[in-house]
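A.B. asks: What follows is coords_13.csv; its format and atoms are CSV, C-alpha atoms and all ligand atoms.
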```csv
chain,number,residue,atom,x,y,z
A,27,MET,CA,-25.4,-2.9,4.4
A,28,LYS,CA,-23.7,-1.6,7.6
A,29,GLN,CA,-20.5,0.1,6.7
A,30,LEU,CA,-17.4,-0.1,8.9
A,31,GLN,CA,-16.6,3.3,10.4
A,32,LEU,CA,-12.8,3.8,10.2
A,33,ALA,CA,-10.6,6.5,11.6
A,34,VAL,CA,-7.3,7.4,9.8
A,35,ILE,CA,-4.5,8.3,12.3
A,36,GLY,CA,-1.9,10.6,10.7
A,37,PHE,CA,-2.6,12.4,7.5
A,38,GLY,CA,0.8,11.9,5.7
A,39,MET,CA,1.3,10.1,2.4
A,40,LEU,CA,-0.2,6.8,3.6
A,41,GLY,CA,-3.0,8.4,5.6
A,42,LYS,CA,-4.2,10.5,2.7
A,43,ALA,CA,-4.2,7.5,0.4
A,44,CYS,CA,-6.1,5.4,3.0
A,45,ALA,CA,-8.7,8.2,3.4
A,46,ALA,CA,-9.2,8.3,-0.3
A,47,ALA,CA,-9.5,4.5,-0.6
A,48,ILE,CA,-12.0,4.3,2.3
A,49,VAL,CA,-14.4,6.9,0.7
A,50,GLU,CA,-14.3,4.8,-2.5
A,51,ASP,CA,-15.1,1.5,-0.8
A,52,ASP,CA,-18.8,0.6,-0.4
A,53,GLN,CA,-18.1,-1.5,2.7
A,54,LEU,CA,-16.2,1.3,4.5
A,55,SER,CA,-16.9,4.8,5.7
A,56,LEU,CA,-14.4,7.4,6.9
A,57,ALA,CA,-15.5,8.3,10.5
A,58,GLY,CA,-12.7,10.9,10.9
A,59,ILE,CA,-9.1,11.9,10.5
A,60,VAL,CA,-7.0,12.1,13.7
A,61,ARG,CA,-4.0,14.5,13.5
A,62,ARG,CA,-1.4,15.9,15.8
A,63,PRO,CA,-2.7,19.2,17.5
A,64,GLU,CA,-0.1,21.2,15.5
A,65,SER,CA,-1.6,19.9,12.2
A,66,LEU,CA,-5.2,20.5,13.0
A,67,ALA,CA,-5.3,24.0,11.4
A,68,GLU,CA,-3.8,22.7,8.1
A,69,LYS,CA,-6.1,22.7,5.1
A,70,ILE,CA,-7.2,19.3,3.9
A,71,PRO,CA,-8.3,18.4,0.4
A,72,ALA,CA,-11.8,19.6,-0.5
A,73,ARG,CA,-13.1,16.0,-1.0
A,74,PHE,CA,-12.6,15.4,2.8
A,75,SER,CA,-14.1,18.8,3.9
A,76,HIS,CA,-17.2,17.1,5.4
A,77,ILE,CA,-15.1,14.6,7.4
A,78,PRO,CA,-14.4,15.4,11.1
A,79,VAL,CA,-10.7,16.2,11.8
A,80,VAL,CA,-9.8,15.7,15.5
A,81,SER,CA,-6.8,15.3,17.8
A,82,HIS,CA,-8.0,11.9,19.3
A,83,ALA,CA,-10.1,9.1,18.0
A,84,ARG,CA,-12.3,9.2,21.2
A,85,GLU,CA,-13.7,12.6,19.9
A,86,LEU,CA,-15.4,10.7,17.0
A,87,VAL,CA,-18.9,9.3,17.4
A,88,ARG,CA,-18.3,5.7,16.3
A,89,VAL,CA,-15.0,4.1,15.3
A,90,ASP,CA,-15.0,0.4,14.4
A,91,ALA,CA,-11.3,0.4,13.6
A,92,ALA,CA,-8.4,2.8,13.3
A,93,LEU,CA,-5.8,2.7,10.5
A,94,ILE,CA,-2.5,3.8,12.0
A,95,CYS,CA,-0.5,5.8,9.5
A,96,VAL,CA,2.1,7.6,11.7
A,97,PRO,CA,5.9,7.3,11.6
A,98,THR,CA,7.2,3.8,12.5
A,99,MET,CA,8.5,4.8,15.9
A,100,GLU,CA,5.1,6.3,16.8
A,101,VAL,CA,3.1,3.2,15.8
A,102,LEU,CA,3.4,1.3,19.1
A,103,PRO,CA,2.5,4.2,21.4
A,104,THR,CA,-0.4,5.1,19.1
A,105,ALA,CA,-1.6,1.5,19.0
A,106,ARG,CA,-1.3,1.1,22.8
A,107,ASP,CA,-3.4,4.2,23.3
A,108,LEU,CA,-6.1,3.1,20.9
A,109,LEU,CA,-6.3,-0.4,22.2
A,110,GLN,CA,-6.5,0.8,25.8
A,111,HIS,CA,-9.6,2.8,24.7
A,112,GLY,CA,-11.1,-0.3,23.1
A,113,THR,CA,-10.5,0.7,19.5
A,114,PRO,CA,-9.5,-2.1,17.1
A,115,ILE,CA,-6.4,-1.3,15.0
A,116,VAL,CA,-4.8,-2.0,11.6
A,117,GLU,CA,-1.1,-1.1,11.3
A,118,CYS,CA,1.8,-1.7,8.9
A,119,ALA,CA,4.9,-0.3,10.6
A,120,THR,CA,8.0,-1.0,8.5
A,121,LEU,CA,9.7,-3.4,10.9
A,122,HIS,CA,11.2,-6.8,10.0
A,123,ASP,CA,12.5,-10.0,11.6
A,124,LYS,CA,13.1,-9.7,15.4
A,125,LEU,CA,11.9,-6.1,15.6
A,126,PHE,CA,8.6,-7.1,13.8
A,127,ARG,CA,8.1,-10.1,16.1
A,128,GLU,CA,8.7,-8.0,19.3
A,129,HIS,CA,6.3,-5.4,18.0
A,130,ARG,CA,3.6,-8.0,17.2
A,131,ASP,CA,4.0,-9.7,20.5
A,132,GLU,CA,3.6,-6.4,22.4
A,133,ILE,CA,0.5,-5.4,20.4
A,134,ASP,CA,-0.8,-8.9,21.0
A,135,ARG,CA,-0.3,-8.6,24.7
A,136,ILE,CA,-2.1,-5.2,25.0
A,137,ALA,CA,-4.9,-6.2,22.6
A,138,SER,CA,-5.5,-9.5,24.4
A,139,LEU,CA,-5.6,-7.8,27.8
A,140,HIS,CA,-8.3,-5.3,26.6
A,141,LYS,CA,-10.1,-7.9,24.4
A,142,VAL,CA,-9.7,-5.9,21.2
A,143,ARG,CA,-8.8,-6.9,17.7
A,144,ALA,CA,-5.6,-5.8,16.0
A,145,ILE,CA,-4.1,-6.6,12.6
A,146,VAL,CA,-0.4,-6.0,12.4
A,147,GLY,CA,2.1,-5.9,9.5
A,148,ALA,CA,-0.7,-5.2,7.0
A,149,GLY,CA,1.2,-3.3,4.4
A,150,TRP,CA,3.2,-4.3,1.3
A,151,ASN,CA,6.5,-5.2,3.1
A,152,PRO,CA,5.8,-6.3,5.7
A,153,GLY,CA,2.5,-7.5,4.4
A,154,ALA,CA,1.4,-8.8,1.0
A,155,LEU,CA,5.0,-9.3,-0.2
A,156,SER,CA,5.7,-11.4,2.8
A,157,LEU,CA,2.8,-13.6,1.8
A,158,PHE,CA,4.1,-13.9,-1.8
A,159,ARG,CA,7.5,-15.0,-0.4
A,160,ALA,CA,6.0,-17.5,1.9
A,161,LEU,CA,3.8,-18.9,-0.8
A,162,PHE,CA,6.8,-19.3,-3.2
A,163,SER,CA,8.7,-21.3,-0.5
A,164,LEU,CA,5.6,-23.4,0.2
A,165,LEU,CA,5.3,-24.3,-3.5
A,166,THR,CA,9.1,-24.9,-3.9
A,167,PRO,CA,10.1,-26.2,-0.5
A,168,ARG,CA,13.8,-26.9,-1.3
A,169,GLY,CA,15.2,-23.8,-2.9
A,170,HIS,CA,16.5,-20.3,-2.7
A,171,THR,CA,14.7,-17.0,-2.9
A,172,LYS,CA,16.3,-13.8,-4.4
A,173,THR,CA,14.8,-10.4,-3.9
A,174,SER,CA,16.1,-7.5,-6.1
A,175,TRP,CA,14.7,-4.0,-5.7
A,176,HIS,CA,14.3,-1.3,-8.4
A,177,THR,CA,14.0,2.1,-7.0
A,178,ALA,CA,13.0,5.6,-8.2
A,179,PRO,CA,16.5,6.9,-9.1
A,180,SER,CA,16.4,4.9,-12.3
A,181,LEU,CA,13.7,7.3,-13.5
A,182,HIS,CA,15.0,10.2,-15.6
A,183,HIS,CA,13.3,13.1,-17.4
A,184,THR,CA,12.7,12.8,-21.1
A,185,ASN,CA,12.6,15.9,-23.2
A,186,ALA,CA,11.5,13.9,-26.2
A,187,ALA,CA,8.3,12.9,-24.5
A,188,ARG,CA,7.9,16.2,-22.8
A,189,ALA,CA,7.9,18.0,-26.2
A,190,VAL,CA,4.8,16.1,-27.4
A,191,PRO,CA,1.8,18.5,-27.4
A,192,GLY,CA,-0.5,17.8,-24.5
A,193,VAL,CA,2.3,16.4,-22.2
A,194,ARG,CA,3.1,18.5,-19.1
A,195,ALA,CA,5.8,16.4,-17.7
A,196,ALA,CA,7.4,13.0,-18.5
A,197,LEU,CA,9.7,10.5,-16.9
A,198,SER,CA,11.2,7.4,-18.4
A,199,THR,CA,13.0,4.3,-17.2
A,200,GLU,CA,14.3,1.1,-18.7
A,201,LEU,CA,13.4,-2.2,-17.1
A,202,ARG,CA,13.9,-5.8,-18.0
A,203,SER,CA,10.8,-7.9,-18.6
A,204,ALA,CA,10.5,-11.4,-17.1
A,205,ASP,CA,12.0,-12.9,-20.3
A,206,GLY,CA,15.0,-10.6,-20.1
A,207,LYS,CA,14.0,-8.2,-22.9
A,208,LEU,CA,14.7,-4.4,-22.2
A,209,GLN,CA,11.5,-2.3,-22.1
A,210,ARG,CA,11.2,1.4,-21.9
A,211,TYR,CA,8.5,2.8,-19.6
A,212,VAL,CA,7.4,6.4,-20.3
A,213,TYR,CA,5.2,8.0,-17.6
A,214,VAL,CA,3.4,11.1,-18.8
A,215,GLU,CA,1.4,13.8,-16.9
A,216,ILE,CA,-1.0,15.1,-19.5
A,217,GLU,CA,-2.8,18.4,-19.8
A,218,LYS,CA,-6.5,18.6,-19.2
A,219,GLY,CA,-8.5,17.5,-22.2
A,220,ALA,CA,-5.4,16.2,-24.1
A,221,ASP,CA,-5.8,13.1,-26.2
A,222,LEU,CA,-3.9,10.2,-24.5
A,223,ASP,CA,-4.2,7.9,-27.5
A,224,ARG,CA,-2.6,10.5,-29.8
A,225,ILE,CA,0.2,11.2,-27.3
A,226,GLU,CA,0.9,7.5,-26.9
A,227,THR,CA,1.1,7.0,-30.7
A,228,THR,CA,3.4,10.1,-31.1
A,229,ILE,CA,5.8,8.9,-28.4
A,230,MET,CA,5.9,5.3,-29.6
A,231,SER,CA,6.7,6.4,-33.1
A,232,ASP,CA,9.5,8.8,-32.1
A,233,PRO,CA,12.8,7.5,-33.6
A,234,LEU,CA,14.4,8.0,-30.2
A,235,PHE,CA,12.1,5.4,-28.8
A,236,LEU,CA,12.0,2.9,-31.6
A,237,ASP,CA,15.1,0.9,-30.5
A,238,GLU,CA,13.2,-0.7,-27.6
A,239,GLU,CA,9.6,-1.8,-26.8
A,240,THR,CA,8.1,1.4,-25.3
A,241,LEU,CA,5.1,1.4,-23.0
A,242,VAL,CA,3.3,4.7,-22.1
A,243,PHE,CA,1.6,5.1,-18.8
A,244,PRO,CA,-0.5,8.2,-17.8
A,245,VAL,CA,0.0,9.4,-14.2
A,246,GLU,CA,-1.7,12.2,-12.3
A,247,ASP,CA,1.5,13.8,-10.9
A,248,ILE,CA,5.0,13.0,-12.0
A,249,ARG,CA,6.5,14.4,-8.8
A,250,VAL,CA,4.7,11.8,-6.8
A,251,LEU,CA,6.1,9.1,-9.1
A,252,GLU,CA,9.6,10.4,-8.5
A,253,GLU,CA,9.1,10.0,-4.8
A,254,GLU,CA,7.3,6.7,-4.9
A,255,GLY,CA,8.4,4.7,-7.9
A,256,TYR,CA,9.5,1.3,-6.7
A,257,GLY,CA,9.8,-2.2,-8.1
A,258,VAL,CA,10.7,-5.6,-7.0
A,259,LEU,CA,11.8,-8.9,-8.7
A,260,LEU,CA,11.2,-11.9,-6.5
A,261,GLU,CA,12.8,-15.1,-7.8
A,262,ARG,CA,12.4,-18.6,-6.3
A,263,ARG,CA,14.4,-21.4,-7.8
A,264,GLY,CA,14.3,-24.9,-6.4
A,265,SER,CA,12.6,-28.2,-6.4
A,266,ALA,CA,9.2,-29.6,-5.4
A,267,ALA,CA,8.3,-33.2,-5.1
A,268,ASP,CA,10.3,-35.1,-7.8
A,269,SER,CA,10.7,-32.0,-10.0
A,270,ASP,CA,13.9,-30.1,-10.1
A,271,HIS,CA,14.4,-26.7,-11.8
A,272,GLN,CA,11.2,-25.1,-10.6
A,273,MET,CA,11.2,-21.3,-11.1
A,274,LEU,CA,8.7,-18.8,-9.8
A,275,LEU,CA,8.9,-15.1,-10.6
A,276,LEU,CA,7.0,-12.1,-9.3
A,277,GLU,CA,7.9,-8.8,-11.0
A,278,GLY,CA,6.3,-5.6,-9.8
A,279,ARG,CA,6.5,-1.9,-10.4
A,280,TYR,CA,4.3,0.0,-8.1
A,281,SER,CA,3.7,2.8,-5.7
A,282,GLU,CA,4.4,1.4,-2.2
A,283,PRO,CA,1.9,3.6,-0.4
A,284,ALA,CA,-0.8,2.6,-3.0
A,285,LEU,CA,-0.2,-1.2,-2.4
A,286,THR,CA,0.0,-0.6,1.4
A,287,THR,CA,-3.3,1.3,1.2
A,288,ALA,CA,-4.9,-1.7,-0.5
A,289,VAL,CA,-3.7,-4.1,2.2
A,290,MET,CA,-4.7,-1.7,5.1
A,291,THR,CA,-8.3,-1.3,3.8
A,292,ALA,CA,-8.5,-5.1,3.1
A,293,ALA,CA,-7.4,-5.8,6.6
A,294,ALA,CA,-10.0,-3.3,7.9
A,295,ARG,CA,-12.7,-5.4,6.1
A,296,ALA,CA,-11.3,-8.5,7.9
A,297,ILE,CA,-11.3,-6.9,11.4
A,298,PRO,CA,-14.9,-8.1,12.4
A,299,ALA,CA,-13.9,-11.7,11.6
A,300,CYS,CA,-10.7,-11.9,13.5
A,301,ARG,CA,-9.9,-12.9,17.1
A,302,TYR,CA,-9.0,-10.7,20.0
A,303,GLY,CA,-5.2,-10.0,20.2
A,304,ALA,CA,-2.9,-9.4,17.3
A,305,SER,CA,-3.2,-11.2,13.9
A,306,THR,CA,-0.9,-11.0,11.0
A,307,LEU,CA,-2.0,-11.6,7.3
A,308,PHE,CA,-0.8,-15.2,7.9
A,309,ASP,CA,-3.4,-15.7,10.6
A,310,LEU,CA,-6.4,-14.4,8.6
A,311,PRO,CA,-8.6,-16.5,6.4
A,312,LEU,CA,-7.7,-15.0,3.0
A,313,GLY,CA,-11.4,-14.6,2.0
A,314,SER,CA,-12.0,-12.3,5.0
A,315,LEU,CA,-9.8,-9.6,3.3
A,316,TRP,CA,-12.7,-9.1,0.8
A,317,GLY,CA,-15.3,-8.7,3.5
A,318,ASN,CA,-18.8,-9.3,2.1
A,319,LEU,CA,-17.4,-9.6,-1.5
A,320,LYS,CA,-15.8,-12.9,-0.6
A,321,GLY,CA,-18.4,-15.0,-2.4
A,322,LYS,CA,-18.1,-12.9,-5.6
A,323,ILE,CA,-14.3,-13.1,-5.6
A,324,GLU,CA,-14.4,-16.8,-5.1
A,325,GLN,CA,-16.7,-17.2,-8.2
A,326,GLU,CA,-14.3,-15.0,-10.2
A,327,TRP,CA,-11.0,-16.5,-9.3
A,328,LEU,CA,-11.5,-20.1,-8.0
B,401,LIG,N1,4.5,-2.0,5.4
B,401,LIG,C1,4.7,-1.2,4.3
B,401,LIG,O1,4.9,-1.7,3.2
B,401,LIG,C2,4.6,0.3,4.5
B,401,LIG,C3,4.7,1.1,3.3
B,401,LIG,C4,4.6,2.5,3.5
B,401,LIG,C5,4.5,3.0,4.7
B,401,LIG,N2,4.5,2.2,5.8
B,401,LIG,C6,4.3,2.8,7.2
B,401,LIG,O2,3.3,3.7,7.2
B,401,LIG,C7,3.5,4.7,8.1
B,401,LIG,C8,3.2,6.1,7.5
B,401,LIG,O3,4.1,6.3,6.4
B,401,LIG,P1,4.0,7.7,5.5
B,401,LIG,O4,4.8,7.5,4.4
B,401,LIG,O5,2.5,8.0,5.3
B,401,LIG,O6,4.6,8.7,6.5
B,401,LIG,P2,4.5,10.3,6.5
B,401,LIG,O7,4.1,10.8,5.1
B,401,LIG,O8,5.7,10.8,7.2
B,401,LIG,O9,3.2,10.6,7.4
B,401,LIG,C9,3.1,10.3,8.8
B,401,LIG,C10,2.1,11.2,9.4
B,401,LIG,O10,2.0,10.9,10.8
B,401,LIG,C11,1.9,12.1,11.5
B,401,LIG,N3,3.0,12.3,12.4
B,401,LIG,C12,4.2,12.8,12.1
B,401,LIG,N4,5.1,12.8,13.2
B,401,LIG,C13,4.3,12.3,14.2
B,401,LIG,C14,4.6,12.0,15.5
B,401,LIG,N5,5.8,12.3,16.1
B,401,LIG,N6,3.7,11.4,16.3
B,401,LIG,C15,2.5,11.1,15.7
B,401,LIG,N7,2.1,11.4,14.4
B,401,LIG,C16,3.1,12.0,13.7
B,401,LIG,C17,1.8,13.3,10.5
B,401,LIG,O11,0.4,13.5,10.3
B,401,LIG,P3,-0.5,14.7,10.9
B,401,LIG,O12,0.3,15.9,10.5
B,401,LIG,O13,-1.8,14.6,10.3
B,401,LIG,O14,-0.5,14.5,12.4
B,401,LIG,C18,2.5,12.7,9.3
B,401,LIG,O15,2.0,13.3,8.2
B,401,LIG,C19,5.0,4.5,8.6
B,401,LIG,O16,4.9,3.8,9.9
B,401,LIG,C20,5.6,3.6,7.6
B,401,LIG,O17,6.5,2.7,8.2
B,401,LIG,C21,4.5,0.9,5.7
```
Can you present the structure in this file as structure tokens?
C.D. replies:
Amino acid sequence: MKQLQLAVIGFGMLGKACAAAIVEDDQLSLAGIVRRPESLAEKIPARFSHIPVVSHARELVRVDAALICVPTMEVLPTARDLLQHGTPIVECATLHDKLFREHRDEIDRIASLHKVRAIVGAGWNPGALSLFRALFSLLTPRGHTKTSWHTAPSLHHTNAARAVPGVRAALSTELRSADGKLQRYVYVEIEKGADLDRIETTIMSDPLFLDEETLVFPVEDIRVLEEEGYGVLLERRGSAADSDHQMLLLEGRYSEPALTTAVMTAAARAIPACRYGASTLFDLPLGSLWGNLKGKIEQEWL
């Protein structure tokens, strides 16, 4: 199987996560990491030590597509430069409404001119969350959508969980489940070799945690969670056909860079199948996001 050779442009939070996801994906291969000249001397994680790190994608031998992971205001100039050099792109700049449409139209103009493929808005929001919203309104055409965000500040340190042997750090938060019940989420960073099952049982049987349903989640690095912990509650109420009182709910707690990474790499798998110019997730055949796993996914889910 021929793997798609991808370059990651910008090695910040999203760029690192994309690089890690690419090396784990059988259909993709990491051709190189493109960084600003001032960052080239910085050390990169050992797992990428064999990957070329350069200051421009044209220094790489073969690039089938570039994932743009630079700050939002730098995405358009970076995209323009890559497209002018004939490199297909995937990007996810955090732009909405009119700004998003202007950005997409400009990328479409440049990509069409140079006969290159581009996928825009391929993140979480804009991106997969936009698809969920659209699908909810398609299913319940007359109605109203409410989006509420949960953000990291609701997380707080918990000494009770931290005191459990084998736990290096712990954070806890309270969230409401879809049926309105309060649940406590305890995130733990555990020491090497510690027994997660025993830690989980100890925390869940602590009198301090008995008042509410408590769920324990192991995480690699609590600090990352503090920076990234997000959640959303998407509610659509309305009517469809003759039925009133339809209600659709999507509740998510997630790391936004992790979800965005999943969408960026999925979009990369879809690049060979898309037209010249800019496509959004709405324009792509859904199955193309799985690349050559489309048939298997169809069997599993349809
Ligand atoms: N759609 C979504 O849901 C979603 C979610 C998350 C992020 N995003 C988008 O993803 C992009 C990256 O986010 P991030 O959190 O990874 O940002 P970040 O951690 O700040 O990383 C951006 C990286 O870009 C490079 N960079 C910094 N300043 C630059 C400049 N002036 N010109 C060119 N490159 C520069 C740096 O890498 P080097 O040092 O290696 O050059 C930096 O580490 C943003 O555009 C953000 O809007 C979208």
A.B. asks: For range 117-120 of chain A, please output as a PyMOL selection string all residues within 12 Å (counting all atoms listed in the file; exclusion window: fewer than 6 positions along the same chain).
C.D. replies: chain A and resi 34-36+40-41+44+91-106+108+126-127+129-130+133+143-154+282-283+285-294+297+304-307
A.B. asks: Report, in Å to a single decimal, how far apart CA of Lys207 in chain A and CA of Val245 in chain A are.
C.D. replies: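 Spanning CA of Val245 in chain A to CA of Lys207 in chain A is a straight-line distance of 24.1 Å.
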A.B. asks: Could you name the residues that touch Gly317 in chain A at 6 Å or less, counting all atoms listed in the file, but leaving out those on the same chain fewer than 2 positions away, as a list in words?
C.D. replies: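 Returned residues: Arg295, Ala296, Ser314, Leu315, Leu319 and Lys320 of chain A.
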A.B. asks: Would you mind reading off the distance between CA of Ile48 in chain A and CA of Ile136 in chain A, one decimal, in Å?
C.D. replies: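 Separation of CA of Ile48 in chain A and CA of Ile136 in chain A: 26.5 Å.
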A.B. asks: Determine, counting only C-alpha atoms, which protein, DNA and RNA residues have an atom within 9 Å of an atom of range 263-267 of chain A; residues of the same chain fewer than 6 positions away are not included. Present the result as a VMD selection string.
C.D. replies: chain A and resid 163 165 to 172 273 to 275
A.B. asks: Would you pick out the contacts of Pro233 in chain A at 10 Å or less, using all atoms listed in the file, so that residues sharing its chain but fewer than 4 positions from it are not included, and give the list as an MDAnalysis selection string?
C.D. replies: chainID A and resid 186 229 237
A.B. asks: Measure the distance from CA of Asn185 in chain A to CA of Thr228 in chain A in Å and round it to one decimal.
C.D. replies: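 Going from CA of Asn185 in chain A over to CA of Thr228 in chain A covers 13.4 Å.
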A.B. asks: Tell me which of A:Phe243, A:Tyr256, A:Phe308, A:Tyr213 sits closest to ligand LIG 401 (chain B), counting all atoms listed in the file.
C.D. replies: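 Comparing A:Phe243, A:Tyr256, A:Phe308, A:Tyr213 against ligand LIG 401 (chain B), the winner is A:Tyr256.
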A.B. asks: Of the residues A:Gly38, A:Phe74, A:Gly192, A:Val258, which is the one nearest to Arg62 in chain A, using only C-alpha atoms?
C.D. replies: A:Gly38
A.B. asks: Could you tell me which of A:Gly257, A:Gly278, A:Gly321, A:Pro63 comes closest to ligand LIG 401 (chain B) if we count all atoms listed in the file?
C.D. replies: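 With all atoms listed in the file as the atom set, the closest residue is A:Pro63.
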